[in-house]
Every structure is written in structure tokens, then in C-alpha cells.
$ cat entry_6.cif   # mmCIF, C-alpha atoms and all ligand atoms
data_entry
loop_
_atom_site.label_atom_id
_atom_site.label_comp_id
_atom_site.auth_asym_id
_atom_site.auth_seq_id
_atom_site.Cartn_x
_atom_site.Cartn_y
_atom_site.Cartn_z
CA MET A 1 24.18 14.85 13.56
CA SER A 2 20.94 16.19 15.05
CA THR A 3 18.34 13.94 16.60
CA ILE A 4 15.07 13.06 14.83
CA ARG A 5 11.76 13.56 16.63
CA ALA A 6 9.22 10.81 15.99
CA TRP A 7 6.21 8.87 17.32
CA ALA A 8 7.01 5.39 18.64
CA ALA A 9 5.47 2.39 20.39
CA HIS A 10 7.75 0.68 22.91
CA LYS A 11 5.90 -2.64 22.98
CA PRO A 12 3.24 -4.42 20.88
CA GLY A 13 -0.04 -2.52 20.61
CA GLN A 14 1.12 0.33 22.81
CA ALA A 15 -0.09 3.89 22.11
CA LEU A 16 2.56 5.90 20.27
CA SER A 17 4.41 8.53 22.29
CA ALA A 18 7.01 11.20 21.53
CA PHE A 19 10.40 9.64 20.85
CA GLU A 20 13.78 10.93 19.66
CA TYR A 21 16.67 9.06 18.10
CA THR A 22 20.04 9.84 16.60
CA PRO A 23 20.28 8.39 13.09
CA GLY A 24 24.10 8.26 12.83
CA PRO A 25 26.06 9.13 9.69
CA LEU A 26 24.12 9.22 6.41
CA ALA A 27 25.18 6.30 4.18
CA ASP A 28 26.75 7.19 0.83
CA ASP A 29 23.77 5.88 -1.18
CA GLU A 30 21.03 7.25 1.09
CA VAL A 31 19.03 10.44 1.26
CA GLU A 32 17.40 12.10 4.25
CA VAL A 33 13.92 13.51 3.77
CA ALA A 34 11.97 16.02 5.87
CA VAL A 35 8.52 14.41 6.21
CA GLU A 36 5.56 16.58 5.17
CA HIS A 37 2.83 13.91 5.01
CA CYS A 38 2.62 10.20 5.79
CA GLY A 39 -0.29 7.88 5.01
CA ILE A 40 -1.40 5.14 7.41
CA CYS A 41 -1.47 1.70 5.82
CA HIS A 42 -3.09 -1.27 7.55
CA SER A 43 0.42 -2.77 7.65
CA ASP A 44 1.36 -0.05 10.18
CA LEU A 45 -1.31 -1.48 12.50
CA SER A 46 -0.28 -5.08 11.84
CA VAL A 47 3.38 -4.34 12.65
CA LEU A 48 2.40 -2.25 15.70
CA HIS A 49 0.57 -5.32 17.05
CA ASN A 50 3.38 -7.68 15.93
CA GLU A 51 0.79 -9.72 14.00
CA TRP A 52 3.45 -10.92 11.56
CA GLY A 53 6.00 -11.80 14.25
CA PHE A 54 8.95 -9.69 13.06
CA SER A 55 8.31 -6.27 14.65
CA SER A 56 11.03 -4.57 16.68
CA TYR A 57 10.58 -1.87 19.31
CA PRO A 58 10.79 1.04 19.76
CA PHE A 59 8.69 1.00 16.60
CA VAL A 60 8.22 4.19 14.55
CA PRO A 61 5.53 3.37 11.93
CA GLY A 62 5.00 5.14 8.63
CA HIS A 63 5.85 4.08 5.08
CA GLU A 64 3.69 6.25 2.77
CA ILE A 65 5.94 9.26 2.99
CA ILE A 66 5.99 12.54 1.09
CA GLY A 67 8.67 15.09 1.91
CA ARG A 68 11.60 17.14 0.72
CA ILE A 69 15.23 16.04 0.54
CA THR A 70 17.38 17.64 3.23
CA ALA A 71 20.61 15.66 2.82
CA LEU A 72 22.21 13.53 0.10
CA GLY A 73 24.78 10.75 0.53
CA ARG A 74 28.00 11.37 -1.38
CA ASN A 75 27.16 8.84 -4.13
CA VAL A 76 23.72 10.27 -4.89
CA GLY A 77 23.84 12.30 -8.09
CA HIS A 78 20.35 12.03 -9.56
CA LEU A 79 18.36 13.76 -6.78
CA ARG A 80 18.77 17.29 -5.40
CA SER A 81 18.36 18.98 -2.06
CA GLY A 82 14.83 20.39 -1.60
CA GLN A 83 13.31 18.04 -4.19
CA ARG A 84 9.88 16.60 -3.31
CA VAL A 85 10.03 12.81 -3.10
CA GLY A 86 8.12 9.80 -1.83
CA ILE A 87 9.20 6.68 0.07
CA GLY A 88 7.13 3.51 0.51
CA TRP A 89 7.35 0.17 2.35
CA ALA A 90 10.90 -0.57 1.15
CA SER A 91 13.83 1.73 1.74
CA GLY A 92 16.52 -0.48 0.26
CA SER A 93 17.34 -3.74 -1.50
CA CYS A 94 20.63 -5.54 -2.19
CA MET A 95 21.02 -4.15 -5.75
CA HIS A 96 22.94 -7.22 -6.95
CA CYS A 97 20.66 -10.30 -6.73
CA HIS A 98 18.89 -11.69 -9.80
CA SER A 99 15.65 -9.88 -8.87
CA CYS A 100 17.35 -6.50 -8.35
CA MET A 101 19.39 -6.91 -11.53
CA SER A 102 16.15 -7.74 -13.40
CA GLY A 103 14.45 -4.58 -12.19
CA GLU A 104 12.23 -6.55 -9.81
CA HIS A 105 13.71 -5.07 -6.65
CA ASN A 106 10.43 -5.68 -4.80
CA LEU A 107 11.19 -9.44 -4.99
CA CYS A 108 14.67 -9.05 -3.42
CA ALA A 109 15.13 -11.35 -0.42
CA GLN A 110 17.28 -8.65 1.23
CA THR A 111 14.65 -5.89 1.01
CA GLN A 112 15.01 -3.41 3.87
CA THR A 113 11.72 -2.06 5.09
CA THR A 114 11.34 1.61 5.94
CA MET A 115 10.12 0.93 9.49
CA ILE A 116 11.46 -2.43 10.70
CA GLY A 117 15.13 -2.45 11.71
CA ARG A 118 15.10 1.30 11.13
CA HIS A 119 12.61 4.05 11.95
CA GLY A 120 9.71 5.07 9.72
CA GLY A 121 7.85 8.14 8.58
CA PHE A 122 5.80 9.12 11.63
CA ALA A 123 8.75 11.41 12.26
CA GLU A 124 10.19 14.75 11.25
CA ARG A 125 12.83 13.12 9.04
CA VAL A 126 13.42 9.69 7.52
CA ARG A 127 16.07 8.00 5.40
CA ALA A 128 16.06 5.63 2.43
CA HIS A 129 18.29 4.36 -0.36
CA ALA A 130 18.22 6.92 -3.17
CA ALA A 131 16.94 4.34 -5.69
CA TRP A 132 13.86 3.68 -3.52
CA THR A 133 13.23 7.45 -3.15
CA LEU A 134 10.87 8.52 -5.94
CA PRO A 135 10.51 12.05 -7.34
CA ILE A 136 6.86 13.12 -7.10
CA PRO A 137 5.43 14.52 -10.36
CA ASP A 138 4.38 18.18 -10.06
CA ARG A 139 0.86 17.29 -11.24
CA LEU A 140 0.20 15.17 -8.13
CA ASP A 141 -1.06 16.87 -4.98
CA PRO A 142 1.63 16.14 -2.34
CA ALA A 143 -0.95 16.26 0.46
CA SER A 144 -2.77 13.19 -0.90
CA ALA A 145 -0.03 11.37 -2.86
CA GLY A 146 1.56 9.52 0.09
CA PRO A 147 -0.77 6.48 -0.04
CA LEU A 148 0.32 5.83 -3.63
CA LEU A 149 3.81 4.92 -2.38
CA CYS A 150 2.72 1.71 -0.61
CA GLY A 151 -0.98 0.97 -1.10
CA GLY A 152 -1.08 2.47 -4.60
CA VAL A 153 1.89 0.60 -6.03
CA THR A 154 0.80 -2.64 -4.35
CA VAL A 155 -2.47 -2.65 -6.31
CA PHE A 156 -0.94 -1.18 -9.51
CA THR A 157 1.87 -3.75 -9.82
CA PRO A 158 -0.50 -6.70 -10.49
CA PHE A 159 -1.95 -4.96 -13.56
CA LEU A 160 1.52 -5.13 -15.10
CA ALA A 161 2.81 -8.34 -13.51
CA CYS A 162 -0.35 -10.33 -14.29
CA GLY A 163 -0.91 -8.84 -17.75
CA VAL A 164 -4.39 -7.43 -17.03
CA LYS A 165 -5.93 -6.20 -20.31
CA PRO A 166 -8.31 -3.25 -20.84
CA THR A 167 -10.88 -5.73 -22.13
CA ASP A 168 -10.78 -7.71 -18.86
CA ARG A 169 -13.55 -7.87 -16.27
CA VAL A 170 -11.81 -7.13 -12.98
CA GLY A 171 -13.04 -7.54 -9.40
CA ILE A 172 -11.57 -5.71 -6.41
CA VAL A 173 -12.28 -7.37 -3.04
CA GLY A 174 -12.26 -4.94 -0.08
CA ILE A 175 -12.75 -1.22 -0.65
CA GLY A 176 -10.37 0.16 1.95
CA GLY A 177 -7.10 2.03 1.50
CA LEU A 178 -5.71 -0.34 -1.14
CA GLY A 179 -9.04 -1.34 -2.65
CA HIS A 180 -10.36 2.13 -3.44
CA MET A 181 -7.12 2.96 -5.27
CA ALA A 182 -7.37 -0.37 -7.12
CA VAL A 183 -10.87 0.52 -8.34
CA LYS A 184 -9.56 3.84 -9.70
CA PHE A 185 -6.60 2.17 -11.43
CA ALA A 186 -8.76 -0.61 -12.89
CA ARG A 187 -11.23 1.91 -14.31
CA ALA A 188 -8.46 4.04 -15.82
CA TRP A 189 -6.88 0.83 -17.23
CA GLY A 190 -10.08 0.39 -19.23
CA CYS A 191 -11.51 -2.63 -17.43
CA GLU A 192 -15.08 -3.46 -16.46
CA VAL A 193 -14.81 -3.11 -12.69
CA THR A 194 -16.75 -4.89 -9.93
CA ALA A 195 -16.18 -3.72 -6.35
CA PHE A 196 -16.73 -6.30 -3.58
CA THR A 197 -17.37 -4.68 -0.20
CA SER A 198 -18.76 -5.77 3.16
CA SER A 199 -19.87 -2.18 3.87
CA ALA A 200 -23.21 -1.10 2.38
CA SER A 201 -22.25 2.50 3.19
CA LYS A 202 -19.46 2.28 0.57
CA TYR A 203 -21.65 1.30 -2.41
CA ASP A 204 -22.16 4.79 -3.81
CA GLU A 205 -18.57 5.89 -3.23
CA ALA A 206 -17.25 2.71 -4.86
CA ARG A 207 -19.25 3.66 -7.97
CA GLY A 208 -17.80 7.15 -7.67
CA PHE A 209 -14.28 5.66 -7.72
CA GLY A 210 -15.18 3.99 -11.02
CA ALA A 211 -16.82 0.66 -10.21
CA HIS A 212 -19.43 -0.40 -12.78
CA HIS A 213 -20.93 -2.91 -10.32
CA VAL A 214 -20.89 -3.31 -6.53
CA VAL A 215 -21.41 -6.65 -4.78
CA ALA A 216 -21.69 -7.64 -1.11
CA SER A 217 -18.42 -9.47 -0.44
CA ARG A 218 -19.81 -11.58 2.43
CA ASP A 219 -22.98 -12.65 0.57
CA SER A 220 -22.19 -16.09 -0.85
CA SER A 221 -25.35 -16.18 -2.97
CA ALA A 222 -24.42 -12.81 -4.55
CA LEU A 223 -20.98 -14.27 -5.32
CA ALA A 224 -22.59 -17.38 -6.78
CA ARG A 225 -24.54 -15.24 -9.26
CA LEU A 226 -21.20 -14.02 -10.68
CA ALA A 227 -19.86 -17.53 -11.27
CA GLY A 228 -17.57 -17.78 -14.30
CA THR A 229 -17.58 -14.06 -15.16
CA LEU A 230 -14.37 -12.35 -13.99
CA ASP A 231 -10.94 -12.46 -15.61
CA PHE A 232 -8.99 -11.04 -12.66
CA LEU A 233 -9.84 -10.75 -8.98
CA LEU A 234 -7.60 -8.61 -6.76
CA VAL A 235 -7.99 -9.39 -3.06
CA THR A 236 -7.08 -6.56 -0.68
CA VAL A 237 -8.83 -7.77 2.50
CA ASN A 238 -6.87 -9.25 5.41
CA VAL A 239 -9.60 -11.58 6.69
CA PRO A 240 -10.89 -15.03 5.70
CA MET A 241 -13.53 -14.93 2.95
CA ASP A 242 -15.65 -17.52 1.11
CA TRP A 243 -12.61 -18.37 -1.01
CA SER A 244 -14.31 -21.13 -2.95
CA ALA A 245 -17.14 -18.80 -4.01
CA LEU A 246 -14.62 -16.08 -4.94
CA MET A 247 -12.58 -18.54 -7.06
CA ALA A 248 -15.83 -19.61 -8.71
CA THR A 249 -16.47 -16.03 -9.92
CA LEU A 250 -13.47 -16.45 -12.24
CA ALA A 251 -13.96 -17.11 -15.93
CA PRO A 252 -11.85 -19.78 -17.67
CA LYS A 253 -8.14 -18.87 -17.25
CA GLY A 254 -9.13 -16.31 -14.59
CA ARG A 255 -6.74 -15.44 -11.80
CA MET A 256 -7.27 -14.55 -8.17
CA HIS A 257 -4.39 -12.38 -6.94
CA VAL A 258 -3.91 -11.71 -3.23
CA VAL A 259 -2.18 -8.62 -1.86
CA GLY A 260 -4.03 -8.44 1.48
CA ALA A 261 -2.10 -10.01 4.36
CA VAL A 262 -4.63 -12.71 5.26
CA LEU A 263 -3.10 -14.53 8.24
CA GLU A 264 -5.13 -17.73 7.88
CA PRO A 265 -4.34 -20.23 5.08
CA ILE A 266 -6.46 -19.79 1.94
CA PRO A 267 -7.99 -23.20 1.19
CA VAL A 268 -8.63 -23.75 -2.51
CA HIS A 269 -9.86 -27.00 -4.00
CA ALA A 270 -7.81 -28.37 -6.87
CA PHE A 271 -10.97 -28.67 -8.96
CA ASP A 272 -11.66 -24.93 -8.48
CA MET A 273 -8.46 -24.42 -10.47
CA ILE A 274 -8.23 -27.45 -12.74
CA GLY A 275 -11.54 -27.36 -14.57
CA ALA A 276 -11.34 -23.83 -15.91
CA GLN A 277 -7.53 -23.48 -15.67
CA ARG A 278 -7.82 -20.83 -12.97
CA SER A 279 -4.88 -19.70 -10.83
CA LEU A 280 -4.09 -18.12 -7.49
CA SER A 281 -1.13 -15.79 -6.86
CA GLY A 282 0.15 -12.90 -4.77
CA SER A 283 2.72 -10.10 -4.85
CA PRO A 284 4.54 -7.59 -2.64
CA ILE A 285 4.57 -3.79 -3.20
CA GLY A 286 6.28 -2.78 -6.49
CA SER A 287 9.75 -2.01 -7.84
CA PRO A 288 11.10 1.55 -8.01
CA ALA A 289 10.54 1.55 -11.79
CA VAL A 290 6.92 0.45 -11.36
CA MET A 291 6.48 3.06 -8.61
CA ALA A 292 7.61 5.73 -11.08
CA THR A 293 5.32 4.32 -13.79
CA MET A 294 2.40 4.26 -11.32
CA LEU A 295 3.01 7.87 -10.24
CA ASP A 296 3.09 8.93 -13.90
CA PHE A 297 -0.11 6.95 -14.66
CA ALA A 298 -1.85 8.48 -11.63
CA ALA A 299 -0.82 11.99 -12.69
CA ARG A 300 -1.99 11.40 -16.29
CA HIS A 301 -5.40 10.05 -15.23
CA GLY A 302 -5.96 12.41 -12.32
CA ILE A 303 -5.98 9.51 -9.85
CA ALA A 304 -5.56 10.54 -6.22
CA PRO A 305 -6.29 8.58 -3.06
CA GLN A 306 -9.35 9.85 -1.17
CA VAL A 307 -7.85 10.95 2.12
CA GLU A 308 -8.70 12.26 5.57
CA HIS A 309 -6.08 14.43 7.26
CA PHE A 310 -4.95 14.32 10.88
CA PRO A 311 -2.09 16.30 12.41
CA MET A 312 0.68 13.82 13.23
CA SER A 313 0.38 14.70 16.91
CA ARG A 314 -3.09 13.03 16.83
CA VAL A 315 -1.62 9.80 15.46
CA ASN A 316 -3.24 7.56 18.10
CA GLU A 317 -6.70 8.86 17.24
CA ALA A 318 -5.96 8.29 13.55
CA LEU A 319 -4.73 4.71 14.15
CA ALA A 320 -7.90 3.96 16.16
CA ARG A 321 -10.05 5.26 13.33
CA LEU A 322 -8.35 3.00 10.79
CA GLU A 323 -8.54 0.03 13.17
CA SER A 324 -12.30 0.52 13.62
CA GLY A 325 -12.87 0.45 9.85
CA GLN A 326 -14.08 4.06 9.72
CA ALA A 327 -11.30 5.54 7.54
CA ARG A 328 -12.61 6.91 4.23
CA TYR A 329 -10.50 5.79 2.54
CA ARG A 330 -6.94 6.52 3.62
CA ILE A 331 -5.75 8.60 6.55
CA VAL A 332 -2.79 10.93 5.98
CA LEU A 333 -0.85 12.44 8.87
CA ASP A 334 0.47 15.96 8.36
CA ALA A 335 3.78 16.52 10.17
CA ASP A 336 3.42 19.12 12.93
CA PHE A 337 6.69 19.00 14.86
CA GLY A 338 6.97 22.79 14.61
N1 LIG B 401 1.08 -7.15 -0.55
C1 LIG B 401 1.64 -6.02 -0.12
O1 LIG B 401 2.77 -5.67 -0.49
C2 LIG B 401 0.86 -5.12 0.78
C3 LIG B 401 1.10 -3.74 0.78
C4 LIG B 401 0.30 -2.91 1.56
C5 LIG B 401 -0.69 -3.45 2.35
N2 LIG B 401 -0.86 -4.79 2.37
C6 LIG B 401 -1.92 -5.42 3.17
O2 LIG B 401 -3.14 -5.22 2.47
C7 LIG B 401 -4.21 -5.30 3.40
C8 LIG B 401 -5.15 -4.12 3.21
O3 LIG B 401 -4.51 -2.93 3.62
P1 LIG B 401 -5.32 -1.56 3.65
O4 LIG B 401 -4.36 -0.54 4.13
O5 LIG B 401 -6.04 -1.38 2.38
O6 LIG B 401 -6.39 -1.87 4.83
P2 LIG B 401 -7.79 -1.17 5.11
O7 LIG B 401 -7.78 0.22 4.64
O8 LIG B 401 -8.09 -1.48 6.53
O9 LIG B 401 -8.80 -1.97 4.15
C9 LIG B 401 -9.08 -3.33 4.33
C10 LIG B 401 -10.50 -3.57 3.82
O10 LIG B 401 -10.81 -4.96 4.01
C11 LIG B 401 -12.22 -5.10 4.18
N3 LIG B 401 -12.50 -5.84 5.40
C12 LIG B 401 -12.02 -5.61 6.65
N4 LIG B 401 -12.58 -6.45 7.53
C13 LIG B 401 -13.45 -7.22 6.82
C14 LIG B 401 -14.34 -8.28 7.14
N5 LIG B 401 -14.44 -8.74 8.40
N6 LIG B 401 -15.03 -8.85 6.14
C15 LIG B 401 -14.93 -8.42 4.87
N7 LIG B 401 -14.13 -7.41 4.50
C16 LIG B 401 -13.39 -6.84 5.46
C17 LIG B 401 -12.79 -3.70 4.33
O11 LIG B 401 -13.33 -3.32 3.07
P3 LIG B 401 -14.94 -3.27 2.85
O12 LIG B 401 -15.45 -2.32 3.89
O13 LIG B 401 -15.05 -2.76 1.48
O14 LIG B 401 -15.43 -4.66 3.03
C18 LIG B 401 -11.58 -2.85 4.62
O15 LIG B 401 -11.76 -1.53 4.22
C19 LIG B 401 -3.56 -5.37 4.77
O16 LIG B 401 -3.46 -6.72 5.18
C20 LIG B 401 -2.17 -4.82 4.52
O17 LIG B 401 -1.23 -5.25 5.49
C21 LIG B 401 -0.13 -5.63 1.58
ZN ZN B 402 1.78 -0.36 3.42
ZN ZN B 403 18.35 -7.81 -4.37
#

$ encode --input "entry_6.cif" --output "C-alpha cells" --more "lines below"
Ligand SMILES: NC(=O)c1ccc[n+]([C@@H]2O[C@H](COP(=O)([O-])OP(=O)(O)OC[C@H]3O[C@@H](n4cnc5c(N)ncnc54)[C@H](OP(=O)(O)O)[C@@H]3O)[C@@H](O)[C@H]2O)c1
Ligand SMILES: [Zn+2]
Ligand SMILES: [Zn+2]
Amino acid sequence: MSTIRAWAAHKPGQALSAFEYTPGPLADDEVEVAVEHCGICHSDLSVLHNEWGFSSYPFVPGHEIIGRITALGRNVGHLRSGQRVGIGWASGSCMHCHSCMSGEHNLCAQTQTTMIGRHGGFAERVRAHAAWTLPIPDRLDPASAGPLLCGGVTVFTPFLACGVKPTDRVGIVGIGGLGHMAVKFARAWGCEVTAFTSSASKYDEARGFGAHHVVASRDSSALARLAGTLDFLLVTVNVPMDWSALMATLAPKGRMHVVGAVLEPIPVHAFDMIGAQRSLSGSPIGSPAVMATMLDFAARHGIAPQVEHFPMSRVNEALARLESGQARYRIVLDADFG
């Protein structure tokens, strides 16, 4: 079994350097994929810095992977060698718990992540369970599709899971990697879309992504003017906000749904929820079936992440650009192992 070349950090926050590992025998239900492109999600940075406390090193980031299948485990019959596929945050789940058996594999307590306890997609090859390896529709551009596999499905899943209707007024908080895809999905879903951003330089592009309105996310008086108007608010930021003012933008029965990994507790007053029967919720990534549905929806509506490309060998520069908030709107690494 040949070694896999990759980019790894050996301790928290360290610059990535060239790294090789031997993956061992391919499991019967896994596939191996030659990486062509890999998006950089903010979660790559958070795990690099061990912000969530469960990183392991050497750490090979990367979980928005597009590539071609190079090897199939002996039980894998539905995929073929050479097929173009995508892999996201999860590369396996138990396949027998109530969530997996209900098709909600993303809620499985035994979910294996693509890059913790195994090595991720900043590499020449990567492995995942065949069920979590999604065929990429021909109509999607493989060079920009990678971010759909984590960020895209994370913001698409709530539209299904929370029953968002085309008649709803939807707000997207944070117009970064996840948020800009959420604006595109919300617009294609038929909603009236309000983008909340802290970056004045993003106003015009947010409208270009499909937002009908753009609001300054850190301006509490601007939030106050929207009181009682939104049916669904999707939060993609990972920082504390004026949560009370954001909850107050919700109409009766409105819902604030958090997908951004905000480390600090989100304080919400009972009366912010009781009076107008509002609610607060969150969700992780999306199931393989929802990933397939999302890819099909994106292909049908011509939805593609807006990406900037870096050769994978310039990964440290790319990570620094995301960390400084300059990425517009998702960085994709193109594998260049030669
Ligand atoms: N739930 C899940 O399964 C899941 C999956 C993937 C990612 N995530 C998490 O989702 C979060 C977003 O990921 P991402 O890749 O989209 O990150 P990103 O590209 O860095 O975008 C985050 C956005 O948050 C806003 N923001 C950042 N600092 C801010 C500040 N001080 N005040 C106000 N707004 C600020 C910015 O938008 P503006 O410039 O528009 O303000 C920024 O573009 C991360 O925590 C990530 O770990 C969760
Ligand atoms: Zn991610
Ligand atoms: Zn399970």
C-alpha cells in the first residue's frame, strides 16, 4: 500500500508542512479518492487551533473534497473507479443506530469525521465510507463544488429540517463561506432574503448572491428596526452577537437556527421566546441523502460557491487569508502534488 502525501500540523496552530502517512488496508465499505480540489472551511482553522478541544496531531485538515475514485472496498458496488465524487465533514457513521436507520446519519453519535482520528483532504488521496461519498452531478463545476460538501449542506439542511417555506422571510447572519451559499439557497428556495453582515464591503456582493435586503449585523438599532419581521434566521457566525436583538427580529412563531460554532453560551431571555412563541435551534452538516438532494438542487438552480483558488502547496497563505476575514467567499485548494 503506497504512502499518501499530505499537509499536516504537528501541534495546535502550527503552520502545515509536508507529511506522508501509510493508510493501511482499505476497509471493505470504504473508497479511496484522489483529491483534485479541497475547500477550506472555518472548521479547519478551529480544529487546527484545537478550539473545540478534540483535535489530534499530526492533523491533516480538509473536508470539502472533490476527487476521483482510485480504489473501492470489496463491498462497494454502487460506485466505480474513476468516478468524480465529493466528501464532506463526515466520512462514516455507525449505520445501525436510530438516526442512521432513519436516514438522519448526520445525527449519529458515532459519526467519524474526515479529519479527526483519520487524515483529511489536504492530501493527494483520502478515504471515506462509500455511503458518505457522493457522486458529483456533471452539471456542477468540480473546481468550485467542494464547498457544497460541508458548508453548502450545513446551510441547506435547515431549509428541509426546519420546514422553511418559499413564502418565508429569511435572514442569513454572517456572509462568509457558509453564509453566502445560504443566501443563494434561500433565494432559489423562493424566500425574501435579508443578509446580515458586519462588512460594508460585502453589501453589493450579498445582493448579487440574491439578498433582497442587507443589514449591518453589529448595528443594534438597525436590528431593532426589523423587530417582528423574519420567519427564519440562520446564524453562520462564530462570534457573540446581540442575541436579544436578533431574536427580536423574529415574527410570531419565528425560529433562530444556529449552525456557526459560537464558543460562548447564547443567552436568550425566556420572554424573547414565550411571547411570540419563538424558538432557538441548531444542526450539524447534513445526511448523505440531503447532500445528494442539495447537489441536485444546486445543479438545477445554477448555484455555485464563489471561490478563490490557491495551489495546495500555498495552503498556509490560504489559511491566513481565511483567518484574516479576507476570503471572498470560499477558498479552494487545487492539489499540486505532481
Ligand atoms: N453546524 C455545522 O455542521 C457546521 C459546518 C460547517 C461549519 N460550521 C461552522 O460555521 C461557522 C462559519 O464557518 P465559515 O466557514 O462560513 O466561516 P467564515 O467563512 O470565516 O465566515 C464567518 C463569517 O462570520 C462573520 N463574522 C466573523 N467575525 C465576525 C465579527 N467579529 N462580528 C460579526 N460577524 C463576524 C463574517 O461575516 P460578515 O463579514 O458578513 O460579517 C464571516 O465571514 C464556523 O464556526 C464553522 O466552524 C458549522
Ligand atoms: Zn466544514
Ligand atoms: Zn448511527

$ residues_near_point --input "entry_6.cif" --point "(-10.2, -3.0, 13.4)" --cutoff "12 Å" --atoms "only C-alpha atoms" --output "NGL selection string"
:A and (42 or 45-46 or 49 or 176 or 237-239 or 319-327)

$ write_last_selection --input "entry_6.cif" --atoms "C-alpha atoms" --output "short mmCIF file (atom, residue, chain, number, x, y, z; two decimals), in the coordinates of the input"
data_model
loop_
_atom_site.label_atom_id
_atom_site.label_comp_id
_atom_site.auth_asym_id
_atom_site.auth_seq_id
_atom_site.Cartn_x
_atom_site.Cartn_y
_atom_site.Cartn_z
CA HIS A 42 -3.09 -1.27 7.55
CA LEU A 45 -1.31 -1.48 12.50
CA SER A 46 -0.28 -5.08 11.84
CA HIS A 49 0.57 -5.32 17.05
CA GLY A 176 -10.37 0.16 1.95
CA VAL A 237 -8.83 -7.77 2.50
CA ASN A 238 -6.87 -9.25 5.41
CA VAL A 239 -9.60 -11.58 6.69
CA LEU A 319 -4.73 4.71 14.15
CA ALA A 320 -7.90 3.96 16.16
CA ARG A 321 -10.05 5.26 13.33
CA LEU A 322 -8.35 3.00 10.79
CA GLU A 323 -8.54 0.03 13.17
CA SER A 324 -12.30 0.52 13.62
CA GLY A 325 -12.87 0.45 9.85
CA GLN A 326 -14.08 4.06 9.72
CA ALA A 327 -11.30 5.54 7.54
#

$ residues_around --input "entry_6.cif" --residues "A:His37" --least-positions-apart "4" --cutoff "8 Å" --atoms "all atoms listed in the file" --output "list in words"
Ile65, Ile66, Gly67, Pro142, Ala143, Gly146, Val332, Leu333, Asp334 and Ala335 of chain A

$ atom_distance --input "entry_6.cif" --atom1 "atom O15 of ligand LIG 401 (chain B)" --atom2 "atom CA of A:Ser217"
11.4 Å

$ residues_near_ligand --input "entry_6.cif" --ligand "ligand ZN 402 (chain B)" --cutoff "8 Å" --atoms "only C-alpha atoms and all ligand atoms" --output "PyMOL selection string"
chain A and resi 40-44+63-64+88-89+150-151+285

$ closest_residue --input "entry_6.cif" --among "A:Leu16, A:Leu250, A:Leu26, A:Ile87" --to "A:Ser287" --atoms "all atoms listed in the file"
A:Ile87

$ closest_residue --input "entry_6.cif" --among "A:Gly117, A:Gly152, A:Gly86, A:Pro25" --to "A:Pro61" --atoms "only C-alpha atoms"
A:Gly117

$ closest_atom_pairs --input "entry_6.cif" --of "chain A" --to "ligand ZN 403 (chain B)" --cutoff "9 Å" --atoms "only C-alpha atoms and all ligand atoms" --output "Markdown table"
| residue | atom | partner | partner_atom | distance |
| --- | --- | --- | --- | --- |
| A:Gly92 | CA | B:ZN403 | ZN | 8.9 |
| A:Ser93 | CA | B:ZN403 | ZN | 5.1 |
| A:Cys94 | CA | B:ZN403 | ZN | 3.9 |
| A:Met95 | CA | B:ZN403 | ZN | 4.7 |
| A:His96 | CA | B:ZN403 | ZN | 5.3 |
| A:Cys97 | CA | B:ZN403 | ZN | 4.1 |
| A:His98 | CA | B:ZN403 | ZN | 6.7 |
| A:Ser99 | CA | B:ZN403 | ZN | 5.6 |
| A:Cys100 | CA | B:ZN403 | ZN | 4.3 |
| A:Met101 | CA | B:ZN403 | ZN | 7.3 |
| A:Glu104 | CA | B:ZN403 | ZN | 8.3 |
| A:His105 | CA | B:ZN403 | ZN | 5.9 |
| A:Asn106 | CA | B:ZN403 | ZN | 8.2 |
| A:Leu107 | CA | B:ZN403 | ZN | 7.4 |
| A:Cys108 | CA | B:ZN403 | ZN | 4.0 |
| A:Ala109 | CA | B:ZN403 | ZN | 6.2 |
| A:Gln110 | CA | B:ZN403 | ZN | 5.8 |
| A:Thr111 | CA | B:ZN403 | ZN | 6.8 |

$ atom_distance --input "entry_6.cif" --atom1 "atom CA of A:Phe159" --atom2 "atom CA of A:Phe232"
9.3 Å

$ atom_distance --input "entry_6.cif" --atom1 "atom N2 of ligand LIG 401 (chain B)" --atom2 "atom CA of A:Gly120"
16.2 Å

$ closest_residue --input "entry_6.cif" --among "A:Asp141, A:Pro265, A:Ala318, A:Pro58" --to "A:Trp243" --atoms "only C-alpha atoms"
A:Pro265

$ closest_residue --input "entry_6.cif" --among "A:Leu233, A:Gly179, A:Leu280, A:Arg300" --to "A:Ala206" --atoms "all atoms listed in the file"
A:Gly179

$ residues_around --input "entry_6.cif" --residues "A:Phe122" --least-positions-apart "6" --cutoff "7 Å" --atoms "all atoms listed in the file" --output "list in words"
Ala6, Trp7, Cys38, Val60, Pro61 and Gly62 of chain A

$ closest_residue --input "entry_6.cif" --among "A:Ala261, A:Val126, A:Val31, A:Val193" --to "A:Asn75" --atoms "only C-alpha atoms"
A:Val31

$ closest_residue --input "entry_6.cif" --among "A:Pro252, A:Ser2, A:Gly338, A:Ala289" --to "A:Gly103" --atoms "only C-alpha atoms"
A:Ala289
